[in-house]
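Undergrad: My file is run_8.cif. It has mmCIF, C-alpha atoms:
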```cif
data_data
loop_
_atom_site.group_PDB
_atom_site.id
_atom_site.type_symbol
_atom_site.label_atom_id
_atom_site.label_comp_id
_atom_site.auth_asym_id
_atom_site.auth_seq_id
_atom_site.Cartn_x
_atom_site.Cartn_y
_atom_site.Cartn_z
ATOM 1 C CA MET A 53 92.451 103.024 91.646
ATOM 2 C CA LYS A 54 89.954 102.599 88.832
ATOM 3 C CA ILE A 55 86.241 103.310 89.312
ATOM 4 C CA ILE A 56 83.715 101.590 87.069
ATOM 5 C CA GLU A 57 80.122 102.804 87.089
ATOM 6 C CA LEU A 58 77.695 99.888 86.878
ATOM 7 C CA PRO A 59 74.434 100.147 84.901
ATOM 8 C CA TRP A 60 72.177 98.984 87.744
ATOM 9 C CA LYS A 61 70.398 101.284 90.197
ATOM 10 C CA SER A 62 69.900 98.362 92.579
ATOM 11 C CA PRO A 63 71.422 94.877 92.796
ATOM 12 C CA PRO A 64 69.923 92.682 90.051
ATOM 13 C CA LEU A 65 70.330 89.596 92.263
ATOM 14 C CA SER A 66 70.005 89.023 95.996
ATOM 15 C CA MET A 67 70.881 86.167 98.313
ATOM 16 C CA ASN A 68 67.203 86.311 99.303
ATOM 17 C CA ASP A 69 66.073 85.327 95.784
ATOM 18 C CA ARG A 70 64.447 81.924 95.747
ATOM 19 C CA GLY A 71 64.597 79.716 92.685
ATOM 20 C CA ALA A 72 61.660 77.498 93.599
ATOM 21 C CA SER A 73 60.575 76.692 90.057
ATOM 22 C CA LEU A 74 62.483 75.575 86.995
ATOM 23 C CA LYS A 75 61.449 78.803 85.284
ATOM 24 C CA ALA A 76 62.957 80.825 88.173
ATOM 25 C CA VAL A 77 66.192 78.840 87.987
ATOM 26 C CA TYR A 78 66.526 79.563 84.254
ATOM 27 C CA ALA A 79 65.714 83.246 84.778
ATOM 28 C CA LYS A 80 68.416 83.519 87.459
ATOM 29 C CA SER A 81 70.909 81.746 85.193
ATOM 30 C CA ARG A 82 70.201 84.241 82.397
ATOM 31 C CA GLU A 83 70.663 87.146 84.819
ATOM 32 C CA VAL A 84 73.979 85.748 86.094
ATOM 33 C CA THR A 85 75.205 85.390 82.502
ATOM 34 C CA SER A 86 74.114 88.953 81.713
ATOM 35 C CA ILE A 87 75.868 90.423 84.778
ATOM 36 C CA ARG A 88 79.031 88.487 83.981
ATOM 37 C CA GLU A 89 79.081 89.671 80.358
ATOM 38 C CA THR A 90 78.249 93.262 81.336
ATOM 39 C CA SER A 91 81.179 93.417 83.759
ATOM 40 C CA ARG A 92 83.506 91.995 81.076
ATOM 41 C CA ILE A 93 82.380 94.659 78.596
ATOM 42 C CA LEU A 94 82.690 97.438 81.199
ATOM 43 C CA ALA A 95 86.260 96.295 81.954
ATOM 44 C CA ILE A 96 87.094 96.635 78.253
ATOM 45 C CA ALA A 97 85.492 100.092 78.098
ATOM 46 C CA ALA A 98 87.373 101.199 81.237
ATOM 47 C CA ARG A 99 90.641 100.009 79.709
ATOM 48 C CA LEU A 100 91.510 97.962 82.741
ATOM 49 C CA PRO A 101 94.891 96.240 82.561
ATOM 50 C CA ARG A 102 95.065 92.524 81.773
ATOM 51 C CA ASP A 103 97.147 89.788 83.393
ATOM 52 C CA CYS A 104 97.588 91.616 86.699
ATOM 53 C CA GLY A 105 99.206 89.775 89.564
ATOM 54 C CA HIS A 106 96.490 90.815 92.005
ATOM 55 C CA ALA A 107 93.354 92.958 92.142
ATOM 56 C CA SER A 108 91.276 94.245 95.039
ATOM 57 C CA VAL A 109 87.650 94.711 94.051
ATOM 58 C CA GLU A 110 85.074 96.560 96.135
ATOM 59 C CA LEU A 111 81.397 96.815 95.172
ATOM 60 C CA HIS A 112 79.577 100.013 96.201
ATOM 61 C CA TYR A 113 75.821 100.530 96.361
ATOM 62 C CA ARG A 114 73.920 103.726 97.065
ATOM 63 C CA PRO A 115 70.219 102.896 97.598
ATOM 64 C CA LYS A 116 67.285 105.237 97.118
ATOM 65 C CA THR A 117 65.912 104.658 100.620
ATOM 66 C CA THR A 118 67.286 104.243 104.140
ATOM 67 C CA ARG A 119 65.774 100.851 104.957
ATOM 68 C CA ARG A 120 68.151 98.369 106.546
ATOM 69 C CA ARG A 121 70.234 96.236 104.185
ATOM 70 C CA ASP A 122 72.815 93.491 104.656
ATOM 71 C CA THR A 123 76.041 93.717 102.672
ATOM 72 C CA ASP A 124 76.070 89.937 102.249
ATOM 73 C CA ASN A 125 72.922 90.170 100.086
ATOM 74 C CA LEU A 126 75.092 91.899 97.486
ATOM 75 C CA THR A 127 77.134 88.701 97.101
ATOM 76 C CA ALA A 128 74.688 87.262 94.571
ATOM 77 C CA THR A 129 75.390 90.225 92.269
ATOM 78 C CA ALA A 130 79.087 90.504 93.134
ATOM 79 C CA LYS A 131 79.998 86.896 92.256
ATOM 80 C CA PRO A 132 79.189 87.148 88.528
ATOM 81 C CA ILE A 133 80.895 90.571 88.455
ATOM 82 C CA TYR A 134 84.106 88.980 89.741
ATOM 83 C CA ASP A 135 83.764 86.175 87.192
ATOM 84 C CA GLY A 136 83.303 88.716 84.396
ATOM 85 C CA LEU A 137 86.527 90.469 85.434
ATOM 86 C CA VAL A 138 88.317 87.114 85.214
ATOM 87 C CA ASP A 139 86.699 86.477 81.795
ATOM 88 C CA PHE A 140 88.115 89.852 80.717
ATOM 89 C CA GLY A 141 91.589 88.787 81.848
ATOM 90 C CA LEU A 142 92.155 91.202 84.744
ATOM 91 C CA VAL A 143 93.609 88.328 86.797
ATOM 92 C CA PRO A 144 93.946 84.584 86.098
ATOM 93 C CA ASP A 145 91.338 83.561 88.686
ATOM 94 C CA ASP A 146 89.171 85.055 91.427
ATOM 95 C CA THR A 147 90.851 83.020 94.159
ATOM 96 C CA PRO A 148 92.471 84.932 97.072
ATOM 97 C CA GLU A 149 95.916 84.592 95.520
ATOM 98 C CA TYR A 150 94.796 86.828 92.640
ATOM 99 C CA MET A 151 91.729 88.744 93.840
ATOM 100 C CA ALA A 152 90.671 90.296 97.137
ATOM 101 C CA LYS A 153 86.898 90.602 97.238
ATOM 102 C CA LEU A 154 86.398 93.354 99.762
ATOM 103 C CA GLU A 155 83.205 93.617 101.797
ATOM 104 C CA PRO A 156 80.627 95.538 99.729
ATOM 105 C CA VAL A 157 79.904 99.071 100.876
ATOM 106 C CA ILE A 158 76.351 100.351 101.262
ATOM 107 C CA HIS A 159 76.229 104.142 101.264
ATOM 108 C CA ARG A 160 73.588 106.396 102.746
ATOM 109 C CA LYS A 161 70.545 107.048 100.632
ATOM 110 C CA GLY A 162 70.878 109.298 97.634
ATOM 111 C CA LYS A 163 70.797 109.038 93.888
ATOM 112 C CA PRO A 164 70.673 105.246 93.371
ATOM 113 C CA SER A 165 73.846 103.865 91.847
ATOM 114 C CA MET A 166 76.316 101.018 91.901
ATOM 115 C CA TRP A 167 80.017 101.037 91.093
ATOM 116 C CA LEU A 168 83.255 99.120 91.495
ATOM 117 C CA GLU A 169 86.541 100.356 92.891
ATOM 118 C CA ILE A 170 89.458 98.290 91.610
ATOM 119 C CA VAL A 171 93.097 98.465 92.679
ATOM 120 C CA THR A 172 95.624 96.321 90.793
ATOM 121 C CA SER A 173 99.216 95.287 91.383
ATOM 122 C CA ASP A 174 101.782 93.321 89.418
ATOM 123 C CA GLU A 175 102.457 90.712 92.101
ATOM 124 C CA SER A 176 100.103 87.964 93.193
ATOM 125 C CA ARG A 177 99.650 87.450 96.932
ATOM 126 C CA GLU A 178 101.266 84.550 98.663
ATOM 127 C CA LEU A 179 98.703 82.685 100.709
ATOM 128 C CA PRO A 180 99.485 81.794 104.333
ATOM 129 C CA ALA A 181 100.770 78.290 104.993
#
```
Written as structure tokens, how would this file's structure read?
TA:
Amino acid sequence: MKIIELPWKSPPLSMNDRGASLKAVYAKSREVTSIRETSRILAIAARLPRDCGHASVELHYRPKTTRRRDTDNLTATAKPIYDGLVDFGLVPDDTPEYMAKLEPVIHRKGKPSMWLEIVTSDESRELPA
């Protein structure tokens, strides 16, 4: 298992974000591009393998406070992370055959941080018929 520390103390994007204006849409697009490129660069720095058959990726978040949070709100941040790992070449695509996107984990409050836990294998997964 490889652990990659992410540079964000909280998720840069949320499913609750609303892109009501054109300016907001462009700002979100820039943030998605930045997250995607950051995850690609972090994969290089972590010396992750390339061309794996399959990878399981789990996003972890430790918030500063104990207020209630939904793990599905992390999806907006997780999606460009997965895409950045594909851009790096970890796996050919982020479809289930090549990547398992595990439910994000929200830890109890503490020092705010985010990280990825990645497990790779040589064989892709055969999808059910």
Undergrad: Considering all atoms listed in the file, return as a CSV table (one decimal) with C-alpha atoms, in the coordinates of the input whatever protein or nucleic-acid residues lie within 8 Å of Thr127 of chain A, sequence-local ones (same chain, fewer than 3 positions apart) excluded.
TA:
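part17.csv written:
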```csv
chain,number,residue,atom,x,y,z
A,66,SER,CA,70.0,89.0,96.0
A,67,MET,CA,70.9,86.2,98.3
A,123,THR,CA,76.0,93.7,102.7
A,124,ASP,CA,76.1,89.9,102.2
A,130,ALA,CA,79.1,90.5,93.1
A,131,LYS,CA,80.0,86.9,92.3
```
Undergrad: Take atom CA of Leu94 of chain A and atom CA of Asn68 of chain A and report the distance between them in Å, one decimal.
TA: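 Separating atom CA of Leu94 of chain A from atom CA of Asn68 of chain A is a distance of 26.3 Å.
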Undergrad: Need the neighbours of (91.8, 96.4, 82.5): which residues are at most 10 Å away, counting all atoms listed in the file, as a ChimeraX atom specification?
TA: /A:54,92,94-104,137,140-143,170,172
Undergrad: Restricting the calculation to only C-alpha atoms: of A:Glu110, A:Glu83, A:Glu89, A:Glu169, which residue gets closest to Val157 of chain A?
TA: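 Comparing A:Glu110, A:Glu83, A:Glu89, A:Glu169 against Val157 of chain A, the winner is A:Glu110.
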Undergrad: Interatomic distance between atom CA of Ile133 of chain A and atom CA of Ile87 of chain A?
TA: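 These two atoms are separated by 6.2 Å.
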Undergrad: Counting all atoms listed in the file, which residue out of A:Ala181, A:Met166, A:Ala76, A:Val109 sits closest to Tyr150 of chain A?
TA: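 Using all atoms listed in the file, Tyr150 of chain A sits closest to A:Val109.
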Undergrad: Go through A:His106, A:Lys161, A:Arg120, A:Arg114 and flag the residue nearest Pro144 of chain A, using all atoms listed in the file for the distances.
TA: A:His106
Undergrad: Give the answer as one residue: which of A:Val138, A:Ala128, A:Val77, A:Leu168 has the shortest atom-to-atom distance to Tyr113 of chain A, using all atoms listed in the file?
TA: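 Of the candidates, the smallest distance to Tyr113 of chain A is held by A:Leu168.
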Undergrad: Taking (70.5, 93.2, 89.0) in the file's own coordinates, collect the residues within 8 Å, counting all atoms listed in the file, and hand them back as a ChimeraX atom specification.
TA: /A:60,62-65,83,87,129
Undergrad: Could you jot down the atom CA of Leu111 of chain A to atom CA of Trp167 of chain A separation for me, Å, one decimal place?
TA: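 Going from atom CA of Leu111 of chain A over to atom CA of Trp167 of chain A covers 6.0 Å.
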Undergrad: Will you model N, CA, C and O atoms for segment 143-167 of chain A and pass it back as a compact mmCIF listing (two decimals), in the coordinates of the input?
TA:
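rebuild.txt, written as the output of this step:
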```
# COMPACT_ATOMS: atom_id res chain seq x y z
N VAL A 143 92.76 89.25 86.05
CA VAL A 143 93.61 88.33 86.80
C VAL A 143 93.29 86.92 86.31
O VAL A 143 92.24 86.68 85.71
N PRO A 144 94.18 85.95 86.58
CA PRO A 144 93.95 84.58 86.10
C PRO A 144 92.75 83.88 86.73
O PRO A 144 92.14 83.01 86.12
N ASP A 145 92.42 84.24 87.97
CA ASP A 145 91.34 83.56 88.69
C ASP A 145 90.84 84.50 89.78
O ASP A 145 91.52 85.47 90.13
N ASP A 146 89.66 84.20 90.35
CA ASP A 146 89.17 85.06 91.43
C ASP A 146 89.41 84.42 92.79
O ASP A 146 88.72 84.70 93.75
N THR A 147 90.43 83.59 92.88
CA THR A 147 90.85 83.02 94.16
C THR A 147 91.66 84.08 94.93
O THR A 147 92.16 85.03 94.35
N PRO A 148 91.80 83.91 96.25
CA PRO A 148 92.47 84.93 97.07
C PRO A 148 93.90 85.27 96.63
O PRO A 148 94.36 86.38 96.87
N GLU A 149 94.56 84.33 96.00
CA GLU A 149 95.92 84.59 95.52
C GLU A 149 95.93 85.73 94.51
O GLU A 149 96.88 86.50 94.43
N TYR A 150 94.85 85.85 93.72
CA TYR A 150 94.80 86.83 92.64
C TYR A 150 93.79 87.96 92.85
O TYR A 150 93.93 89.02 92.26
N MET A 151 92.76 87.72 93.67
CA MET A 151 91.73 88.74 93.84
C MET A 151 91.25 88.82 95.29
O MET A 151 90.87 87.81 95.87
N ALA A 152 91.27 90.04 95.83
CA ALA A 152 90.67 90.30 97.14
C ALA A 152 89.28 90.86 96.87
O ALA A 152 89.13 91.87 96.19
N LYS A 153 88.29 90.17 97.40
CA LYS A 153 86.90 90.60 97.24
C LYS A 153 86.51 91.29 98.54
O LYS A 153 86.11 90.65 99.50
N LEU A 154 86.64 92.60 98.55
CA LEU A 154 86.40 93.35 99.76
C LEU A 154 84.91 93.38 100.09
O LEU A 154 84.06 93.26 99.20
N GLU A 155 84.60 93.53 101.36
CA GLU A 155 83.20 93.62 101.80
C GLU A 155 82.51 94.74 101.03
O GLU A 155 83.03 95.85 100.95
N PRO A 156 81.34 94.46 100.43
CA PRO A 156 80.63 95.54 99.73
C PRO A 156 80.31 96.69 100.68
O PRO A 156 80.17 96.51 101.89
N VAL A 157 80.20 97.87 100.10
CA VAL A 157 79.90 99.07 100.88
C VAL A 157 78.51 99.56 100.49
O VAL A 157 78.22 99.73 99.31
N ILE A 158 77.66 99.77 101.49
CA ILE A 158 76.35 100.35 101.26
C ILE A 158 76.39 101.78 101.80
O ILE A 158 76.63 102.00 102.99
N HIS A 159 76.17 102.73 100.91
CA HIS A 159 76.23 104.14 101.26
C HIS A 159 74.87 104.62 101.77
O HIS A 159 73.87 103.93 101.62
N ARG A 160 74.85 105.80 102.33
CA ARG A 160 73.59 106.40 102.75
C ARG A 160 72.73 106.63 101.52
O ARG A 160 73.22 106.66 100.40
N LYS A 161 71.46 106.85 101.76
CA LYS A 161 70.54 107.05 100.63
C LYS A 161 70.97 108.25 99.80
O LYS A 161 71.65 109.16 100.27
N GLY A 162 70.55 108.23 98.57
CA GLY A 162 70.88 109.30 97.63
C GLY A 162 70.45 108.88 96.25
O GLY A 162 69.56 108.04 96.09
N LYS A 163 71.10 109.43 95.26
CA LYS A 163 70.80 109.04 93.89
C LYS A 163 71.25 107.58 93.73
O LYS A 163 72.44 107.28 93.88
N PRO A 164 70.32 106.67 93.43
CA PRO A 164 70.67 105.25 93.37
C PRO A 164 71.76 104.98 92.34
O PRO A 164 71.69 105.47 91.21
N SER A 165 72.76 104.22 92.76
CA SER A 165 73.85 103.86 91.85
C SER A 165 74.65 102.71 92.42
O SER A 165 74.59 102.41 93.61
N MET A 166 75.39 102.08 91.52
CA MET A 166 76.32 101.02 91.90
C MET A 166 77.61 101.24 91.12
O MET A 166 77.58 101.67 89.97
N TRP A 167 78.74 100.91 91.76
CA TRP A 167 80.02 101.04 91.09
C TRP A 167 81.03 100.11 91.73
O TRP A 167 80.83 99.59 92.82
```
